[in-house]
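Asks: I am sharing target38.tsv, which consists of TSV, C-alpha atoms:
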chain	number	residue	atom	x	y	z
A	1	MET	CA	0.00	0.00	0.00
A	2	ARG	CA	1.33	3.45	-0.93
A	3	HIS	CA	1.41	6.13	1.79
A	4	TYR	CA	2.18	9.65	0.57
A	5	LEU	CA	4.36	11.76	2.87
A	6	LEU	CA	3.72	14.79	0.69
A	7	PRO	CA	0.10	14.61	-0.52
A	8	ARG	CA	-0.40	13.05	-3.93
A	9	ASP	CA	-3.05	15.63	-4.89
A	10	GLY	CA	-2.84	19.40	-4.83
A	11	GLN	CA	-0.18	21.85	-5.91
A	12	PHE	CA	3.13	23.11	-4.57
A	13	TYR	CA	3.23	26.71	-3.34
A	14	LYS	CA	6.45	28.57	-2.56
A	15	GLY	CA	6.53	30.64	0.62
A	16	ASN	CA	8.77	32.95	2.61
A	17	LEU	CA	7.88	32.46	6.27
A	18	HIS	CA	10.28	34.97	7.84
A	19	SER	CA	10.31	38.59	6.74
A	20	HIS	CA	10.69	42.14	8.01
A	21	SER	CA	9.42	45.24	6.23
A	22	THR	CA	9.48	48.94	7.08
A	23	LEU	CA	6.84	48.09	9.67
A	24	SER	CA	9.80	46.96	11.80
A	25	ASP	CA	13.47	46.94	10.77
A	26	GLY	CA	13.30	46.01	7.08
A	27	ASN	CA	14.33	48.21	4.15
A	28	PHE	CA	11.23	47.67	1.96
A	29	THR	CA	7.53	48.35	2.41
A	30	PRO	CA	5.08	45.43	2.57
A	31	GLU	CA	3.82	46.40	-0.90
A	32	GLU	CA	7.33	46.42	-2.35
A	33	LEU	CA	8.14	43.03	-0.84
A	34	LYS	CA	4.96	41.58	-2.30
A	35	GLU	CA	5.89	42.67	-5.81
A	36	ILE	CA	9.52	41.53	-5.45
A	37	TYR	CA	8.69	38.08	-4.15
A	38	LYS	CA	5.64	37.51	-6.32
A	39	SER	CA	7.76	38.22	-9.41
A	40	HIS	CA	10.08	35.39	-8.30
A	41	GLY	CA	7.38	32.76	-8.04
A	42	TYR	CA	6.34	33.12	-4.39
A	43	SER	CA	2.70	32.59	-3.48
A	44	VAL	CA	2.83	32.68	0.35
A	45	TYR	CA	4.37	35.43	2.46
A	46	ALA	CA	4.61	36.07	6.21
A	47	TYR	CA	5.38	39.60	7.40
A	48	SER	CA	6.80	38.51	10.75
A	49	GLU	CA	7.60	41.91	12.22
A	50	HIS	CA	9.43	42.12	15.55
A	51	ASN	CA	6.98	41.88	18.45
A	52	GLU	CA	4.19	43.49	16.39
A	53	TYR	CA	1.31	41.52	14.92
A	54	HIS	CA	0.09	42.74	11.53
A	55	ASP	CA	-2.79	41.42	9.46
A	56	LEU	CA	-1.93	42.44	5.89
A	57	ARG	CA	-4.50	40.34	4.09
A	58	HIS	CA	-5.55	43.39	2.08
A	59	LEU	CA	-2.44	42.58	0.00
A	60	ASP	CA	-3.81	39.16	-0.95
A	61	ASP	CA	-4.82	38.37	-4.51
A	62	ALA	CA	-5.59	35.25	-6.53
A	63	ASP	CA	-1.90	34.30	-6.77
A	64	PHE	CA	-0.50	35.62	-3.48
A	65	ILE	CA	-1.56	35.31	0.15
A	66	THR	CA	-0.14	36.70	3.38
A	67	LEU	CA	0.06	34.84	6.68
A	68	PRO	CA	-0.71	37.21	9.57
A	69	SER	CA	2.18	36.71	11.98
A	70	PHE	CA	4.90	38.24	14.10
A	71	GLU	CA	8.30	37.37	15.56
A	72	ALA	CA	8.36	37.32	19.36
A	73	SER	CA	11.53	37.41	21.41
A	74	VAL	CA	12.80	37.03	24.93
A	75	ARG	CA	15.45	39.65	25.50
A	76	HIS	CA	19.14	38.95	25.64
A	77	ASN	CA	20.75	38.69	29.04
A	78	TYR	CA	24.36	39.34	30.09
A	79	ALA	CA	24.55	36.12	32.08
A	80	ARG	CA	23.68	34.06	29.00
A	81	ALA	CA	26.74	35.08	27.00
A	82	PRO	CA	28.87	32.15	25.77
A	83	TYR	CA	31.90	31.23	27.85
A	84	HIS	CA	34.36	32.47	25.24
A	85	ALA	CA	32.80	35.96	25.42
A	86	LEU	CA	32.67	36.07	29.22
A	87	LEU	CA	36.43	35.45	29.39
A	88	LYS	CA	36.90	39.09	28.39
A	89	GLY	CA	34.66	40.42	31.13
A	90	PRO	CA	31.12	41.85	31.06
A	91	VAL	CA	29.47	41.45	27.68
A	92	PRO	CA	27.18	44.17	26.31
A	93	VAL	CA	23.84	43.02	24.99
A	94	GLY	CA	24.28	42.30	21.30
A	95	SER	CA	26.10	39.92	19.02
A	96	SER	CA	27.67	37.79	21.78
A	97	THR	CA	24.59	37.25	23.94
A	98	GLU	CA	22.05	34.48	23.62
A	99	GLY	CA	18.54	35.20	22.44
A	100	MET	CA	15.27	33.45	21.63
A	101	HIS	CA	13.13	34.31	18.61
A	102	LEU	CA	9.83	32.63	17.80
A	103	ASN	CA	7.66	33.16	14.74
A	104	MET	CA	3.95	33.01	15.47
A	105	PHE	CA	1.46	32.39	12.65
A	106	ALA	CA	-2.25	33.04	13.24
A	107	ILE	CA	-4.31	29.89	12.74
A	108	ASP	CA	-7.52	31.86	12.18
A	109	PRO	CA	-6.81	35.59	11.70
A	110	ASP	CA	-10.52	36.40	11.95
A	111	LYS	CA	-10.34	35.32	15.58
A	112	THR	CA	-7.01	36.98	16.30
A	113	THR	CA	-6.99	40.72	16.82
A	114	ASP	CA	-3.69	41.17	18.63
A	115	MET	CA	-0.60	39.29	19.69
A	116	PRO	CA	-0.51	37.65	23.13
A	117	TYR	CA	0.60	39.96	25.92
A	118	PHE	CA	4.13	39.08	27.01
A	119	ALA	CA	5.96	42.26	28.06
A	120	ASP	CA	6.10	40.88	31.59
A	121	ILE	CA	8.12	37.82	30.50
A	122	GLN	CA	10.53	39.38	28.00
A	123	GLU	CA	13.22	39.37	30.68
A	124	PRO	CA	15.06	37.82	32.31
A	125	PHE	CA	16.16	35.33	29.66
A	126	SER	CA	15.07	31.99	31.08
A	127	LEU	CA	13.63	28.67	29.99
A	128	GLU	CA	10.57	29.38	32.11
A	129	ASN	CA	9.84	32.68	30.36
A	130	ILE	CA	10.43	31.20	26.90
A	131	ASN	CA	8.07	28.29	27.52
A	132	GLU	CA	5.51	30.71	28.98
A	133	LEU	CA	5.74	32.78	25.79
A	134	ILE	CA	5.15	29.66	23.68
A	135	ARG	CA	2.23	28.66	25.89
A	136	ARG	CA	0.58	32.07	25.55
A	137	GLY	CA	1.09	32.01	21.80
A	138	ASN	CA	-0.60	28.62	21.51
A	139	GLU	CA	-3.41	29.73	23.80
A	140	ALA	CA	-4.01	32.82	21.66
A	141	GLY	CA	-4.35	30.73	18.51
A	142	PHE	CA	-0.90	30.83	16.96
A	143	ILE	CA	1.38	28.20	15.46
A	144	VAL	CA	4.77	28.72	17.10
A	145	SER	CA	8.04	28.16	15.22
A	146	TYR	CA	11.57	28.13	16.65
A	147	ASN	CA	13.81	30.50	14.65
A	148	HIS	CA	17.54	30.32	13.77
A	149	PRO	CA	18.92	28.35	16.75
A	150	HIS	CA	22.54	28.89	15.73
A	151	TRP	CA	22.29	32.63	15.17
A	152	SER	CA	20.54	32.84	18.56
A	153	LEU	CA	23.51	31.02	20.18
A	154	ASN	CA	21.21	28.44	21.71
A	155	SER	CA	22.57	25.19	23.12
A	156	SER	CA	20.96	21.79	23.47
A	157	ALA	CA	20.55	22.44	27.20
A	158	LEU	CA	17.93	25.01	26.21
A	159	TYR	CA	16.26	23.86	23.00
A	160	ASN	CA	15.75	20.28	24.14
A	161	LYS	CA	13.51	21.60	26.93
A	162	LEU	CA	11.28	23.84	24.81
A	163	GLU	CA	7.61	22.88	24.99
A	164	GLY	CA	4.66	23.56	22.70
A	165	LEU	CA	6.48	24.23	19.43
A	166	CYS	CA	4.99	23.19	16.09
A	167	ALA	CA	7.89	23.94	13.75
A	168	ILE	CA	11.58	24.71	13.48
A	169	GLU	CA	13.17	27.13	11.04
A	170	LEU	CA	15.52	24.54	9.61
A	171	ILE	CA	17.09	27.07	7.24
A	172	ASN	CA	17.36	30.80	7.93
A	173	GLY	CA	18.24	32.26	4.54
A	174	GLY	CA	19.95	35.44	5.69
A	175	SER	CA	22.15	33.69	8.22
A	176	TYR	CA	22.81	30.71	5.94
A	177	ARG	CA	23.93	32.97	3.10
A	178	SER	CA	26.39	34.87	5.27
A	179	SER	CA	27.78	31.99	7.34
A	180	ALA	CA	26.38	28.65	6.05
A	181	MET	CA	25.62	27.92	9.72
A	182	ASP	CA	21.84	28.17	10.07
A	183	PHE	CA	21.02	24.97	8.25
A	184	THR	CA	20.38	22.96	11.38
A	185	PRO	CA	19.07	19.42	10.79
A	186	HIS	CA	21.22	18.33	13.75
A	187	VAL	CA	19.11	20.52	16.05
A	188	MET	CA	15.88	19.05	14.68
A	189	ARG	CA	17.32	15.55	15.22
A	190	GLU	CA	18.44	16.28	18.78
A	191	MET	CA	15.02	17.67	19.60
A	192	ALA	CA	13.43	14.57	18.05
A	193	TRP	CA	15.59	12.37	20.26
A	194	ASN	CA	14.08	14.31	23.17
A	195	GLY	CA	10.49	13.80	22.08
A	196	LYS	CA	9.92	17.03	20.10
A	197	ARG	CA	8.05	16.47	16.82
A	198	LEU	CA	8.55	19.50	14.62
A	199	VAL	CA	7.69	20.55	11.09
A	200	ALA	CA	10.67	21.76	9.02
A	201	ILE	CA	10.26	25.20	7.44
A	202	ALA	CA	12.53	27.91	6.03
A	203	GLY	CA	12.51	31.65	5.37
A	204	ASP	CA	14.80	34.47	4.30
A	205	ASP	CA	14.59	36.62	7.44
A	206	THR	CA	14.25	39.40	4.91
A	207	HIS	CA	15.68	42.79	5.83
A	208	ARG	CA	17.67	43.84	2.75
A	209	PRO	CA	18.30	42.53	-0.79
A	210	THR	CA	21.22	40.29	0.19
A	211	HIS	CA	18.70	38.19	2.15
A	212	PHE	CA	16.27	37.72	-0.74
A	213	PHE	CA	15.48	34.31	-2.27
A	214	GLN	CA	17.89	32.30	-0.09
A	215	ALA	CA	15.56	29.81	1.65
A	216	TRP	CA	11.89	28.99	1.33
A	217	THR	CA	9.14	26.59	2.35
A	218	MET	CA	7.36	24.53	-0.30
A	219	PHE	CA	3.79	23.67	0.69
A	220	LYS	CA	1.68	20.94	-0.91
A	221	ALA	CA	-1.94	22.00	-0.59
A	222	PRO	CA	-5.25	21.60	-2.46
A	223	GLU	CA	-5.57	25.35	-3.03
A	224	LEU	CA	-3.94	28.68	-2.33
A	225	SER	CA	-5.83	29.89	0.73
A	226	HIS	CA	-4.90	30.80	4.27
A	227	LYS	CA	-6.82	27.84	5.65
A	228	ALA	CA	-5.19	25.33	3.27
A	229	ILE	CA	-1.65	26.63	3.84
A	230	ILE	CA	-2.03	26.71	7.63
A	231	LYS	CA	-3.37	23.15	7.56
A	232	ALA	CA	-0.39	22.07	5.43
A	233	LEU	CA	1.93	23.72	7.95
A	234	GLN	CA	0.25	22.02	10.90
A	235	LYS	CA	0.32	18.60	9.23
A	236	GLY	CA	3.88	18.97	7.94
A	237	ASN	CA	2.86	18.80	4.27
A	238	CYS	CA	5.82	20.93	3.29
A	239	TYR	CA	9.61	20.96	3.09
A	240	ALA	CA	12.45	23.47	3.44
A	241	SER	CA	14.75	24.34	0.55
A	242	THR	CA	17.54	26.55	-0.74
A	243	GLY	CA	17.29	25.17	-4.27
A	244	PRO	CA	16.34	21.50	-4.80
A	245	GLU	CA	12.76	20.45	-5.47
A	246	ILE	CA	11.13	17.40	-3.92
A	247	LYS	CA	8.52	16.40	-6.47
A	248	GLU	CA	7.16	13.21	-4.93
A	249	LEU	CA	7.64	11.44	-1.62
A	250	TYR	CA	5.89	8.30	-0.43
A	251	VAL	CA	6.43	4.96	1.33
A	252	GLU	CA	5.32	1.69	-0.27
A	253	ASP	CA	5.88	-1.78	1.19
A	254	GLY	CA	8.41	-0.44	3.66
A	255	VAL	CA	10.47	1.49	1.09
A	256	VAL	CA	10.78	5.30	0.93
A	257	HIS	CA	10.51	6.58	-2.65
A	258	ILE	CA	11.51	10.10	-3.61
A	259	LYS	CA	11.69	12.04	-6.86
A	260	THR	CA	13.59	15.31	-7.04
A	261	SER	CA	15.04	17.92	-9.34
A	262	GLU	CA	18.59	17.21	-10.56
A	263	ALA	CA	20.86	16.61	-7.58
A	264	GLN	CA	24.30	15.38	-6.61
A	265	GLY	CA	22.88	13.33	-3.77
A	266	ILE	CA	19.75	12.21	-1.96
A	267	PHE	CA	20.29	11.16	1.64
A	268	MET	CA	18.14	9.37	4.22
A	269	ALA	CA	18.93	9.45	7.94
A	270	THR	CA	17.20	7.57	10.74
A	271	ALA	CA	17.05	8.00	14.50
A	272	GLY	CA	20.14	5.84	14.85
A	273	ARG	CA	23.32	5.37	12.84
A	274	ARG	CA	21.62	3.60	9.97
A	275	LYS	CA	21.56	5.73	6.85
A	276	ASP	CA	21.32	5.45	3.08
A	277	SER	CA	22.00	7.58	0.00
A	278	ASN	CA	21.96	7.77	-3.77
A	279	LEU	CA	24.98	9.75	-4.96
A	280	VAL	CA	26.53	10.67	-8.28
A	281	PRO	CA	30.01	9.21	-8.79
A	282	TYR	CA	32.82	11.40	-7.54
A	283	ASP	CA	33.98	14.06	-10.03
A	284	SER	CA	31.15	13.21	-12.41
A	285	ASP	CA	28.68	15.26	-14.45
A	286	GLU	CA	25.90	12.77	-13.78
A	287	ARG	CA	22.72	13.67	-11.90
A	288	VAL	CA	20.34	11.78	-9.62
A	289	THR	CA	16.63	12.50	-9.57
A	290	GLU	CA	15.20	9.65	-7.51
A	291	ALA	CA	15.98	7.18	-4.77
A	292	ALA	CA	14.45	4.21	-2.95
A	293	PHE	CA	15.42	3.56	0.68
A	294	PRO	CA	14.22	0.46	2.57
A	295	LEU	CA	13.09	1.10	6.14
A	296	ASP	CA	13.86	-1.02	9.17
A	297	GLU	CA	11.36	-1.54	11.99
A	298	ASN	CA	13.95	-0.21	14.47
A	299	ASP	CA	14.57	3.09	12.67
A	300	VAL	CA	12.06	4.98	14.88
A	301	PHE	CA	12.11	7.92	12.45
A	302	PHE	CA	13.63	9.08	9.18
A	303	HIS	CA	14.12	12.25	7.17
A	304	ILE	CA	15.50	13.16	3.75
A	305	ILE	CA	18.07	15.73	2.64
A	306	VAL	CA	18.71	16.58	-1.03
A	307	LYS	CA	21.74	18.50	-2.29
A	308	ASP	CA	21.87	19.97	-5.78
A	309	MET	CA	24.95	20.32	-7.99
A	310	HIS	CA	25.91	23.53	-6.16
A	311	GLY	CA	25.64	21.87	-2.75
A	312	ARG	CA	22.45	23.72	-1.85
A	313	PRO	CA	20.20	21.64	0.47
A	314	ALA	CA	16.54	20.86	0.78
A	315	ALA	CA	15.18	18.89	3.73
A	316	THR	CA	11.99	17.23	4.86
A	317	ARG	CA	10.59	17.12	8.34
A	318	ILE	CA	11.17	14.02	10.43
A	319	TYR	CA	8.68	11.22	9.75
A	320	TYR	CA	7.98	8.76	12.56
A	321	LEU	CA	7.29	5.08	12.01
A	322	ASP	CA	4.31	5.27	14.36
A	323	GLU	CA	2.55	7.84	12.16
A	324	ALA	CA	1.18	5.19	9.79
A	325	ASP	CA	1.48	1.60	8.71
A	326	PHE	CA	4.35	1.88	6.26
A	327	GLY	CA	4.35	-1.84	5.49
A	328	ILE	CA	7.79	-2.46	6.96
A	329	PRO	CA	8.56	-6.21	7.09
A	330	SER	CA	9.18	-7.35	10.65
A	331	LYS	CA	12.38	-9.23	11.30
A	332	GLU	CA	10.41	-12.03	12.94
A	333	ASN	CA	8.35	-12.57	9.78
A	334	THR	CA	11.42	-12.25	7.58
A	335	GLU	CA	13.39	-14.80	9.60
A	336	ALA	CA	10.43	-17.15	9.66
For the structure just supplied, provide its representation as structure tokens.
Replies:
Amino acid sequence: MRHYLLPRDGQFYKGNLHSHSTLSDGNFTPEELKEIYKSHGYSVYAYSEHNEYHDLRHLDDADFITLPSFEASVRHNYARAPYHALLKGPVPVGSSTEGMHLNMFAIDPDKTTDMPYFADIQEPFSLENINELIRRGNEAGFIVSYNHPHWSLNSSALYNKLEGLCAIELINGGSYRSSAMDFTPHVMREMAWNGKRLVAIAGDDTHRPTHFFQAWTMFKAPELSHKAIIKALQKGNCYASTGPEIKELYVEDGVVHIKTSEAQGIFMATAGRRKDSNLVPYDSDERVTEAAFPLDENDVFFHIIVKDMHGRPAATRIYYLDEADFGIPSKENTEA
């Protein structure tokens, strides 16, 4: 039996889920950003201004929708500076202090008139205040996403204890372009090992042109509407990319099947050390566009990463073996 991990029906829609306009600290107006991104094939756009919720659905048209949202933060704190910075003495709030940034997407904007009140928990920087912020966001009707863990200088001691998240910004385009650091599947995996089931998304963190078109989320949905895109986000019917396309993804008789745009490699990782890949030969002009990876009943979970000929990645969320009957042969039956 075939089980589609990305829905068989519907269409793919390209979205930027992290953006800042002149409504906060960006260089372009919301209207300008719409025209820029729409001209590059984007259909979904989130104006996630800093600590200010904006409903810009008046910009929507038949080919472009906005996701009312905002980016919430818990303020930096001197005591949370990394050890290497503290060696030099007191550290001013800024580039060497830890932060926490969370994108919040309104599930039903017609029922959301303002962001959740959280001025009282913006400081001090603490796990308790961060989890309280996530809780209030969920209670107010928002999907909460964990942004750029590396840029925020977060460690596993913090992110493995976050509660109530729906998604992780697996690729932050602005940070990835400048440092190649904020592509963080290892963080998603660590959180999965600690019981956190997160959808993988990506966005540019748009402020200026150098951030444009670096990372995006591809949604598979039956139509271009706020309701359909939010449902796809909640269900994980999407993937994060900086270039490669994932055209089809399903499991049949215990084997993961994937079809992609031209790539140098397609990789599958599981919860343990077991892994698999389909790679072009070294120093070759060949391309791969599909792969088939058998699953094992002890894998617990799996996810896929694709790299194109320029080394740019795309990545799925983590899929768990208890989500569906994937038809994996049991070892007992095989041995019998």
Asks: Kindly assemble as a tab-separated table a list of the region 255-307 of chain A residues that lie within 12 Å of region 198-220 of chain A, each paired with its nearest atom pair and their distance in Å to one decimal, using all atoms listed in the file, sorted first by chain and then by ascending residue number.
Replies:
residue	atom	partner	partner_atom	distance
A:His303	CA	A:Ala200	CA	10.3
A:Ile304	CA	A:Ala200	CA	11.2
A:Ile305	CA	A:Ala200	CA	11.5
Asks: Within 7 Å of (17.1, 35.1, 19.5) in the file's own coordinates, which protein, DNA or RNA residues have an atom, counting only C-alpha atoms? List them as number ranges by chain.
Replies: A: 73, 98-101, 152
Asks: Could you list, as a PyMOL selection string, every residue within 9 Å of Val300 (chain A), counting only C-alpha atoms and ignoring same-chain residues fewer than 6 positions away?
Replies: chain A and resi 270-272+319-322
Asks: Would you export the selected residues with C-alpha atoms as an mmCIF file, keeping the file's coordinate frame, please?
Replies:
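That gives us selection_26.cif:
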data_model
loop_
_atom_site.group_PDB
_atom_site.id
_atom_site.type_symbol
_atom_site.label_atom_id
_atom_site.label_comp_id
_atom_site.auth_asym_id
_atom_site.auth_seq_id
_atom_site.Cartn_x
_atom_site.Cartn_y
_atom_site.Cartn_z
ATOM 1 C CA THR A 270 17.200 7.570 10.740
ATOM 2 C CA ALA A 271 17.050 8.000 14.500
ATOM 3 C CA GLY A 272 20.140 5.840 14.850
ATOM 4 C CA TYR A 319 8.680 11.220 9.750
ATOM 5 C CA TYR A 320 7.980 8.760 12.560
ATOM 6 C CA LEU A 321 7.290 5.080 12.010
ATOM 7 C CA ASP A 322 4.310 5.270 14.360
#
Asks: Using only C-alpha atoms, which residue out of A:Met181, A:Ala192, A:Ile229, A:Leu33 lies closest to Phe105 (chain A)?
Replies: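 That would be A:Ile229, the residue with the smallest distance to Phe105 (chain A).
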Asks: The residues within 10 Å of (16.1, 20.2, 25.4), using all atoms listed in the file and the coordinates of the file, should be reported as a ChimeraX atom specification; which are they?
Replies: /A:127,155-163,187,190-196
Asks: Just how far from CA of Lys38 (chain A) is CA of Ala62 (chain A), in Å to one decimal?
Replies: 11.5 Å
Asks: To one decimal in Å, tell me the separation between CA of Phe12 (chain A) and CA of Leu224 (chain A).
Replies: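 Pair CA of Phe12 (chain A) / CA of Leu224 (chain A) returns 9.3 Å.
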Asks: Work out how far CA of Tyr282 (chain A) is from CA of His257 (chain A), in Å to one decimal.
Replies: 23.3 Å
Asks: Using only C-alpha atoms, which of A:Leu17, A:Ala167, A:Ile121, A:Val288 sits nearest Glu262 (chain A)?
Replies: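 Between A:Leu17, A:Ala167, A:Ile121, A:Val288, the residue approaching Glu262 (chain A) most closely is A:Val288.
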Asks: Find the residues near Gly243 (chain A): any atom within 7 Å, counting all atoms listed in the file, skip ones fewer than 4 places away on the same chain, and give them as a PyMOL selection string.
Replies: chain A and resi 312-314
Asks: Which is closest to Gly10 (chain A) among A:Thr22, A:Ser39, A:Ser175, A:Asn237, if we use only C-alpha atoms?
Replies: A:Asn237
Asks: Excluding Asp276 (chain A) and its own-chain neighbours fewer than 6 positions away, which residues fall within 12 Å of it when counting all atoms listed in the file? Please give them as number ranges by chain.
Replies: A: 255-256, 265-270, 291-296, 299, 302-305
Asks: Would you mind listing what lies within 6 Å of Tyr45 (chain A) as a VMD selection string, with only C-alpha atoms counted and same-chain residues fewer than 2 positions away left out?
Replies: chain A and resid 15 to 17 66
Asks: Hey, could you patch up region 283-291 of chain A with all heavy atoms and hand it over as an mmCIF file, in the coordinates of the input?
Replies:
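The resulting rebuild.cif:
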data_model
loop_
_atom_site.group_PDB
_atom_site.id
_atom_site.type_symbol
_atom_site.label_atom_id
_atom_site.label_comp_id
_atom_site.auth_asym_id
_atom_site.auth_seq_id
_atom_site.Cartn_x
_atom_site.Cartn_y
_atom_site.Cartn_z
ATOM 1 N N ASP A 283 33.432 13.341 -8.890
ATOM 2 C CA ASP A 283 33.980 14.060 -10.030
ATOM 3 C C ASP A 283 33.279 13.673 -11.329
ATOM 4 O O ASP A 283 33.915 13.429 -12.366
ATOM 5 C CB ASP A 283 35.487 13.811 -10.142
ATOM 6 C CG ASP A 283 36.183 14.877 -10.998
ATOM 7 O OD1 ASP A 283 35.606 15.970 -11.128
ATOM 8 O OD2 ASP A 283 37.271 14.599 -11.527
ATOM 9 N N SER A 284 31.941 13.630 -11.264
ATOM 10 C CA SER A 284 31.150 13.210 -12.410
ATOM 11 C C SER A 284 30.129 14.287 -12.756
ATOM 12 O O SER A 284 29.723 15.085 -11.901
ATOM 13 C CB SER A 284 30.424 11.892 -12.099
ATOM 14 O OG SER A 284 29.443 11.606 -13.053
ATOM 15 N N ASP A 285 29.720 14.337 -14.004
ATOM 16 C CA ASP A 285 28.680 15.260 -14.450
ATOM 17 C C ASP A 285 27.299 14.628 -14.402
ATOM 18 O O ASP A 285 26.319 15.236 -14.848
ATOM 19 C CB ASP A 285 28.969 15.736 -15.875
ATOM 20 C CG ASP A 285 30.193 16.638 -15.942
ATOM 21 O OD1 ASP A 285 30.470 17.325 -14.950
ATOM 22 O OD2 ASP A 285 30.866 16.638 -17.001
ATOM 23 N N GLU A 286 27.193 13.438 -13.866
ATOM 24 C CA GLU A 286 25.900 12.770 -13.780
ATOM 25 C C GLU A 286 24.990 13.459 -12.771
ATOM 26 O O GLU A 286 25.436 14.280 -11.957
ATOM 27 C CB GLU A 286 26.089 11.291 -13.395
ATOM 28 C CG GLU A 286 26.823 10.454 -14.437
ATOM 29 C CD GLU A 286 26.963 9.008 -14.020
ATOM 30 O OE1 GLU A 286 26.092 8.533 -13.248
ATOM 31 O OE2 GLU A 286 27.934 8.356 -14.443
ATOM 32 N N ARG A 287 23.714 13.119 -12.824
ATOM 33 C CA ARG A 287 22.720 13.670 -11.900
ATOM 34 C C ARG A 287 21.874 12.521 -11.346
ATOM 35 O O ARG A 287 21.718 11.486 -11.990
ATOM 36 C CB ARG A 287 21.798 14.657 -12.608
ATOM 37 C CG ARG A 287 22.512 15.783 -13.371
ATOM 38 C CD ARG A 287 23.069 16.816 -12.408
ATOM 39 N NE ARG A 287 23.468 18.018 -13.127
ATOM 40 C CZ ARG A 287 24.672 18.215 -13.659
ATOM 41 N NH1 ARG A 287 25.596 17.248 -13.570
ATOM 42 N NH2 ARG A 287 24.963 19.348 -14.275
ATOM 43 N N VAL A 288 21.344 12.709 -10.148
ATOM 44 C CA VAL A 288 20.340 11.780 -9.620
ATOM 45 C C VAL A 288 19.035 12.539 -9.475
ATOM 46 O O VAL A 288 19.027 13.742 -9.158
ATOM 47 C CB VAL A 288 20.772 11.153 -8.283
ATOM 48 C CG1 VAL A 288 22.030 10.321 -8.452
ATOM 49 C CG2 VAL A 288 20.976 12.219 -7.210
ATOM 50 N N THR A 289 17.936 11.869 -9.689
ATOM 51 C CA THR A 289 16.630 12.500 -9.570
ATOM 52 C C THR A 289 15.628 11.640 -8.793
ATOM 53 O O THR A 289 14.469 12.014 -8.652
ATOM 54 C CB THR A 289 16.027 12.815 -10.950
ATOM 55 O OG1 THR A 289 15.931 11.598 -11.696
ATOM 56 C CG2 THR A 289 16.888 13.825 -11.700
ATOM 57 N N GLU A 290 16.093 10.493 -8.300
ATOM 58 C CA GLU A 290 15.200 9.650 -7.510
ATOM 59 C C GLU A 290 16.002 8.698 -6.653
ATOM 60 O O GLU A 290 17.198 8.484 -6.871
ATOM 61 C CB GLU A 290 14.241 8.877 -8.410
ATOM 62 C CG GLU A 290 14.903 7.981 -9.431
ATOM 63 C CD GLU A 290 13.868 7.346 -10.354
ATOM 64 O OE1 GLU A 290 12.864 6.812 -9.846
ATOM 65 O OE2 GLU A 290 14.062 7.401 -11.576
ATOM 66 N N ALA A 291 15.336 8.143 -5.664
ATOM 67 C CA ALA A 291 15.980 7.180 -4.770
ATOM 68 C C ALA A 291 14.920 6.314 -4.134
ATOM 69 O O ALA A 291 13.741 6.692 -4.044
ATOM 70 C CB ALA A 291 16.806 7.892 -3.706
#
